[in-house]
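Colleague: Sending over a structure as structure tokens; questions will come in a sec.
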Amino acid sequence: MKHRYKVREIAQQSGLSEATVDRVLHERPGVRPDTRAEVQQAISDLDKQRSQLRLSGRKFLFDVVMQAPARFSAEFRSALEAELPMLSPAVVRCRFHFRETESVADMVSTLGKFTARGSHGVIVKAPDDPDVVEAIDRLVGIGIPVVTYVTDVPASSRVDYVGIDNRAAGATAAYLVDSWLGDVDAAVLIILTSNIFRNEGEREMGFRSTLRALGAERGDAAGRRVVEITDSEGRDETVESLVGRALAAHPAIEAVYSIGGGNTGAVQAFVRAGRRCRVFVGHDLDGDNRPLLKSGALSAVLHHDLRADARAACRVLMHAGGSLDGFINERSPVQVLTRFNSPHALP
């Protein structure tokens with residue numbers, strides 16, 4: 001019986017003799033079940049390693065497009081560049097296209113440039129907009145796979161989404177805020193960057209629905225009061241101003257769930273108002289949030305491993321291009337970090 005691997009290859013992989021492997025492949029009698037299992041495992045291992053052989057010497061050029069605050073884009077770029085050498089034996093290079101603010105038309109224009117620039121795949125953080133959907137579909141239609149990151153564009157033909165389950169992250173934030181407030185009858189402030197990103201809407205829905213459910217469990221049908229501010233663009237100056245107005249208008253605010261960032265500005269607004277923030281939950285352990293978490297200004301940060309995300313995004317694109325077999329993408333686990341268990345925890 002002819003096999004896709006030579007008997008010698010299977011024998012080397014399994015550590016068995018060529019004669020034994022030959023008997024297994026031809027289903028001859030006198031072979032123990034565990035020996036047959038060793039041969040099958042060796043064949044399975046060789047199948048997995050075929051992808052590595054195909055990747056050897058392959059060169060990939062990926063484009064990374066992000067509309068996000070500069071602090072987050074910088075963190076993801078560092079994570080991706082740290083992971084690129086780990087993608088060996090393939091050689092992967094990336095081009096970065098970052099904007100803090102950008103119109104949908106500009107985003108579509110950026111995505112349209114890759115059709116003539118030899119891109120092997122695109123990692124994109126973009127608004128969930130019909131024009132963006134069409135731009136992604138055009139790329140996929142000409143053979144350039146697209147991965148959405150952090151926030152999804154599910155109606156498009158993107159090959160996969162990489163990131164956390166945003167609704168579950170919002171629910172986790174609600175649980176933390178409600179538990180830490182305890183019996184204190186306080187309102188909660190939600191800070192959003194804008195209403196154009198799907199991930200922020202999903203986090204907000206998860207937060208609000210869970211907060212109501214927790215209230216119902218206590219016999220409070222209405223649940224905790226929630227105040228929302230949006231269009232902050234994640235900028236500290238804008239956030240400080242918007243939070244200051246919210247605090248002046250709502251004396252009961254004593255907790256914050258920051259979905260969109262600008263947390264330094266939010267903390268400063270509480271200080272200026274002479275108000276106490278009992279619980280403050282934010283997202284991502286970036287350059288701004290690290291010192292806030294260490295000082296206790298932030299109660300907790302919901303974080304995910306950016307290097308693992310970067311690695312997964314690249315592998316999804318390789319898999320979509322037929323250069324990698326058997327890769328299964330899973331949602332990034334949400335890590336709840338405090339000043340005592342973060343990578344820069346206090347002694």
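In the structure tokens, chains take the letters A, B, ... in the order shown, each chain's residues start at 1, and ligands count up from 1 in the order shown.
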Could you pull the residues within 7 Å of Gln67 of chain A, counting only C-alpha atoms, minus those fewer than 4 positions along the same chain, as a list in words?
Modeller: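 Those residues are Phe98, Arg99, Glu100, Thr101, Glu102, Lys125 and Ala126 of chain A.
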Colleague: Going by DSSP on the backbone, which bits of segment 49-96 of chain A are strand (DSSP E)? Write them as a list in words, please.
Modeller: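 So, restricting segment 49-96 of chain A to strand (DSSP E), we get Lys59, Phe60, Leu61, Phe62, Asp63, Val64, Val65, Met66, Gln67, Val91, Val92, Arg93, Cys94, Arg95 and Phe96 of chain A.
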Colleague: With C-alpha atoms retained, export the selected residues as a PDB file, in the first residue's frame.
Modeller:
ATOM      1  CA  LYS A  59       7.796  35.884   2.859  1.00  0.00           C
ATOM      2  CA  PHE A  60       4.624  37.665   3.955  1.00  0.00           C
ATOM      3  CA  LEU A  61       3.791  41.365   3.917  1.00  0.00           C
ATOM      4  CA  PHE A  62       0.860  42.274   6.163  1.00  0.00           C
ATOM      5  CA  ASP A  63      -0.784  45.675   6.506  1.00  0.00           C
ATOM      6  CA  VAL A  64      -2.045  46.815   9.914  1.00  0.00           C
ATOM      7  CA  VAL A  65      -4.748  49.493   9.822  1.00  0.00           C
ATOM      8  CA  MET A  66      -6.011  50.952  13.088  1.00  0.00           C
ATOM      9  CA  GLN A  67      -8.204  53.834  14.100  1.00  0.00           C
ATOM     10  CA  VAL A  91       9.567  35.809   7.223  1.00  0.00           C
ATOM     11  CA  VAL A  92       6.855  38.353   8.062  1.00  0.00           C
ATOM     12  CA  ARG A  93       7.040  42.097   7.573  1.00  0.00           C
ATOM     13  CA  CYS A  94       4.343  44.616   8.452  1.00  0.00           C
ATOM     14  CA  ARG A  95       3.347  48.066   7.261  1.00  0.00           C
ATOM     15  CA  PHE A  96       1.493  50.222   9.782  1.00  0.00           C
TER      16      PHE A  96
END
Colleague: Determine the nearest neighbour of Phe280 of chain A from the options A:Thr238, A:Ser156, A:Thr151, A:Thr338, counting only C-alpha atoms.
Modeller: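 Of A:Thr238, A:Ser156, A:Thr151, A:Thr338, the one nearest Phe280 of chain A is A:Thr338, counting only C-alpha atoms.
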Colleague: Write out as a PyMOL selection string which residues come within 9 Å of segment 284-296 of chain A when counting only C-alpha atoms, dropping same-chain ones fewer than 6 positions away.
Modeller: chain A and resi 71-72+74-75+261-264+267+302-304+337-340+342+344-346
Colleague: Kindly save the residues from that selection, with N, CA and C atoms included, as a PDB file, in the first residue's frame.
Modeller:
ATOM      1  N   ARG A  71      -1.860  55.558  22.162  1.00  0.00           N
ATOM      2  CA  ARG A  71      -1.279  54.707  23.201  1.00  0.00           C
ATOM      3  C   ARG A  71      -1.586  53.237  22.928  1.00  0.00           C
ATOM      4  N   PHE A  72      -2.803  52.944  22.423  1.00  0.00           N
ATOM      5  CA  PHE A  72      -3.146  51.549  22.145  1.00  0.00           C
ATOM      6  C   PHE A  72      -2.446  51.056  20.878  1.00  0.00           C
ATOM      7  N   ALA A  74       0.362  52.013  19.692  1.00  0.00           N
ATOM      8  CA  ALA A  74       1.775  51.799  20.008  1.00  0.00           C
ATOM      9  C   ALA A  74       1.982  50.490  20.751  1.00  0.00           C
ATOM     10  N   GLU A  75       1.070  50.173  21.677  1.00  0.00           N
ATOM     11  CA  GLU A  75       1.184  48.911  22.420  1.00  0.00           C
ATOM     12  C   GLU A  75       1.038  47.715  21.479  1.00  0.00           C
ATOM     13  N   GLY A 261     -11.267  54.807  27.128  1.00  0.00           N
ATOM     14  CA  GLY A 261      -9.959  55.361  27.477  1.00  0.00           C
ATOM     15  C   GLY A 261     -10.024  56.824  27.889  1.00  0.00           C
ATOM     16  N   GLY A 262      -8.848  57.445  27.933  1.00  0.00           N
ATOM     17  CA  GLY A 262      -8.739  58.803  28.449  1.00  0.00           C
ATOM     18  C   GLY A 262      -8.860  58.830  29.959  1.00  0.00           C
ATOM     19  N   ASN A 263      -8.345  57.779  30.601  1.00  0.00           N
ATOM     20  CA  ASN A 263      -8.588  57.596  32.033  1.00  0.00           C
ATOM     21  C   ASN A 263      -7.835  58.597  32.903  1.00  0.00           C
ATOM     22  N   THR A 264      -6.698  59.073  32.434  1.00  0.00           N
ATOM     23  CA  THR A 264      -5.975  60.099  33.195  1.00  0.00           C
ATOM     24  C   THR A 264      -6.841  61.344  33.334  1.00  0.00           C
ATOM     25  N   VAL A 267      -9.684  60.666  35.906  1.00  0.00           N
ATOM     26  CA  VAL A 267      -9.192  60.741  37.285  1.00  0.00           C
ATOM     27  C   VAL A 267      -8.999  62.197  37.699  1.00  0.00           C
ATOM     28  N   LEU A 302      -9.259  45.518  32.600  1.00  0.00           N
ATOM     29  CA  LEU A 302      -9.593  44.321  31.833  1.00  0.00           C
ATOM     30  C   LEU A 302      -8.631  44.275  30.652  1.00  0.00           C
ATOM     31  N   HIS A 303      -7.776  43.269  30.659  1.00  0.00           N
ATOM     32  CA  HIS A 303      -6.674  43.227  29.700  1.00  0.00           C
ATOM     33  C   HIS A 303      -6.701  41.915  28.928  1.00  0.00           C
ATOM     34  N   HIS A 304      -6.067  41.923  27.767  1.00  0.00           N
ATOM     35  CA  HIS A 304      -5.854  40.691  27.008  1.00  0.00           C
ATOM     36  C   HIS A 304      -4.441  40.722  26.459  1.00  0.00           C
ATOM     37  N   LEU A 337      -6.911  42.556  35.971  1.00  0.00           N
ATOM     38  CA  LEU A 337      -5.657  42.949  36.614  1.00  0.00           C
ATOM     39  C   LEU A 337      -5.921  44.031  37.658  1.00  0.00           C
ATOM     40  N   THR A 338      -5.310  43.867  38.813  1.00  0.00           N
ATOM     41  CA  THR A 338      -5.316  44.894  39.854  1.00  0.00           C
ATOM     42  C   THR A 338      -3.871  45.312  40.108  1.00  0.00           C
ATOM     43  N   ARG A 339      -3.674  46.223  40.999  1.00  0.00           N
ATOM     44  CA  ARG A 339      -2.289  46.646  41.269  1.00  0.00           C
ATOM     45  C   ARG A 339      -1.482  45.548  41.954  1.00  0.00           C
ATOM     46  N   PHE A 340      -2.166  44.495  42.416  1.00  0.00           N
ATOM     47  CA  PHE A 340      -1.470  43.416  43.104  1.00  0.00           C
ATOM     48  C   PHE A 340      -1.122  42.235  42.210  1.00  0.00           C
ATOM     49  N   SER A 342      -0.864  42.662  38.508  1.00  0.00           N
ATOM     50  CA  SER A 342      -0.443  43.089  37.170  1.00  0.00           C
ATOM     51  C   SER A 342       1.050  42.791  37.001  1.00  0.00           C
ATOM     52  N   HIS A 344       3.355  44.668  36.679  1.00  0.00           N
ATOM     53  CA  HIS A 344       4.163  45.646  37.418  1.00  0.00           C
ATOM     54  C   HIS A 344       3.567  45.837  38.809  1.00  0.00           C
ATOM     55  N   ALA A 345       3.193  44.730  39.432  1.00  0.00           N
ATOM     56  CA  ALA A 345       2.545  44.789  40.746  1.00  0.00           C
ATOM     57  C   ALA A 345       3.473  45.365  41.807  1.00  0.00           C
ATOM     58  N   LEU A 346       2.859  45.952  42.804  1.00  0.00           N
ATOM     59  CA  LEU A 346       3.644  46.482  43.915  1.00  0.00           C
ATOM     60  C   LEU A 346       4.260  45.339  44.714  1.00  0.00           C
TER      61      LEU A 346
END
Colleague: Which residue gives the smallest distance to Ser209 of chain A among A:Val226, A:Ala42, A:Ala273, A:Ala79, with only C-alpha atoms counted?
Modeller: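 Counting only C-alpha atoms, the residue closest to Ser209 of chain A is A:Val226.
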Colleague: Would you mind reading off the distance between atom CA of Arg32 of chain A and atom CA of Glu18 of chain A, one decimal, in Å?
Modeller: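 Straight-line distance from atom CA of Arg32 of chain A to atom CA of Glu18 of chain A works out to 15.5 Å.
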Colleague: Ranking A:Arg198, A:Leu46, A:Val227, A:Asp22 by minimum distance to Arg245 of chain A and counting only C-alpha atoms, which one comes first?
Modeller: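 Using only C-alpha atoms, Arg245 of chain A sits closest to A:Val227.
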Colleague: From a DSSP calculation on the backbone, collect every residue of segment 175-234 of chain A in helix (DSSP H, G or I) and output the set as a PyMOL selection string.
Modeller: chain A and resi 175-181+198-217
Colleague: Please save N, CA and C atoms of the selected residues as a compact mmCIF listing (two decimals), in the first residue's frame.
Modeller:
# COMPACT_ATOMS: atom_id res chain seq x y z
N TYR A 175 -19.96 43.20 36.94
CA TYR A 175 -19.85 42.37 38.15
C TYR A 175 -18.86 42.99 39.14
N LEU A 176 -17.72 43.46 38.62
CA LEU A 176 -16.71 44.05 39.50
C LEU A 176 -17.24 45.33 40.14
N VAL A 177 -17.82 46.20 39.32
CA VAL A 177 -18.32 47.49 39.84
C VAL A 177 -19.41 47.26 40.88
N ASP A 178 -20.37 46.41 40.55
CA ASP A 178 -21.49 46.18 41.46
C ASP A 178 -21.01 45.53 42.77
N SER A 179 -20.10 44.58 42.66
CA SER A 179 -19.60 43.89 43.86
C SER A 179 -18.83 44.84 44.75
N TRP A 180 -17.98 45.67 44.17
CA TRP A 180 -17.16 46.56 44.97
C TRP A 180 -17.96 47.72 45.55
N LEU A 181 -19.02 48.15 44.88
CA LEU A 181 -19.87 49.20 45.45
C LEU A 181 -20.68 48.65 46.61
N ARG A 198 -18.15 48.84 17.00
CA ARG A 198 -19.02 47.77 17.46
C ARG A 198 -18.60 47.26 18.84
N ASN A 199 -17.30 47.20 19.07
CA ASN A 199 -16.84 46.63 20.35
C ASN A 199 -17.30 47.46 21.54
N GLU A 200 -17.33 48.79 21.37
CA GLU A 200 -17.77 49.63 22.48
C GLU A 200 -19.25 49.43 22.76
N GLY A 201 -20.05 49.30 21.70
CA GLY A 201 -21.47 49.04 21.89
C GLY A 201 -21.72 47.71 22.57
N GLU A 202 -20.93 46.69 22.18
CA GLU A 202 -21.09 45.37 22.79
C GLU A 202 -20.69 45.40 24.27
N ARG A 203 -19.62 46.09 24.58
CA ARG A 203 -19.20 46.20 25.99
C ARG A 203 -20.26 46.92 26.81
N GLU A 204 -20.82 47.99 26.24
CA GLU A 204 -21.85 48.73 26.96
C GLU A 204 -23.09 47.87 27.19
N MET A 205 -23.52 47.13 26.17
CA MET A 205 -24.69 46.27 26.32
C MET A 205 -24.45 45.20 27.38
N GLY A 206 -23.27 44.60 27.36
CA GLY A 206 -22.94 43.60 28.37
C GLY A 206 -22.93 44.18 29.76
N PHE A 207 -22.42 45.40 29.87
CA PHE A 207 -22.35 46.07 31.17
C PHE A 207 -23.75 46.40 31.69
N ARG A 208 -24.56 47.04 30.86
CA ARG A 208 -25.89 47.48 31.30
C ARG A 208 -26.78 46.29 31.65
N SER A 209 -26.79 45.27 30.78
CA SER A 209 -27.69 44.13 31.02
C SER A 209 -27.29 43.36 32.28
N THR A 210 -25.99 43.23 32.50
CA THR A 210 -25.53 42.52 33.70
C THR A 210 -25.79 43.33 34.95
N LEU A 211 -25.60 44.64 34.85
CA LEU A 211 -25.88 45.50 36.01
C LEU A 211 -27.35 45.42 36.40
N ARG A 212 -28.25 45.38 35.39
CA ARG A 212 -29.68 45.24 35.69
C ARG A 212 -29.97 43.88 36.33
N ALA A 213 -29.35 42.84 35.78
CA ALA A 213 -29.59 41.49 36.31
C ALA A 213 -29.11 41.38 37.75
N LEU A 214 -27.97 41.98 38.05
CA LEU A 214 -27.46 41.94 39.42
C LEU A 214 -28.37 42.72 40.37
N GLY A 215 -28.92 43.82 39.86
CA GLY A 215 -29.86 44.59 40.67
C GLY A 215 -31.12 43.80 40.95
N ALA A 216 -31.60 43.08 39.93
CA ALA A 216 -32.80 42.27 40.10
C ALA A 216 -32.57 41.17 41.13
N GLU A 217 -31.38 40.63 41.17
CA GLU A 217 -31.06 39.60 42.16
C GLU A 217 -31.15 40.15 43.58
Colleague: Could you work out how far atom CA of Val256 of chain A lies from atom CA of Asp309 of chain A, giving the answer in Å with one decimal?
Modeller: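 According to the coordinates, atom CA of Asp309 of chain A and atom CA of Val256 of chain A are separated by 26.7 Å.
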Colleague: Find the distance between atom CA of Val281 of chain A and atom CA of His250 of chain A and write it in Å to one decimal.
Modeller: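 Calculated distance between atom CA of Val281 of chain A and atom CA of His250 of chain A is 19.0 Å.
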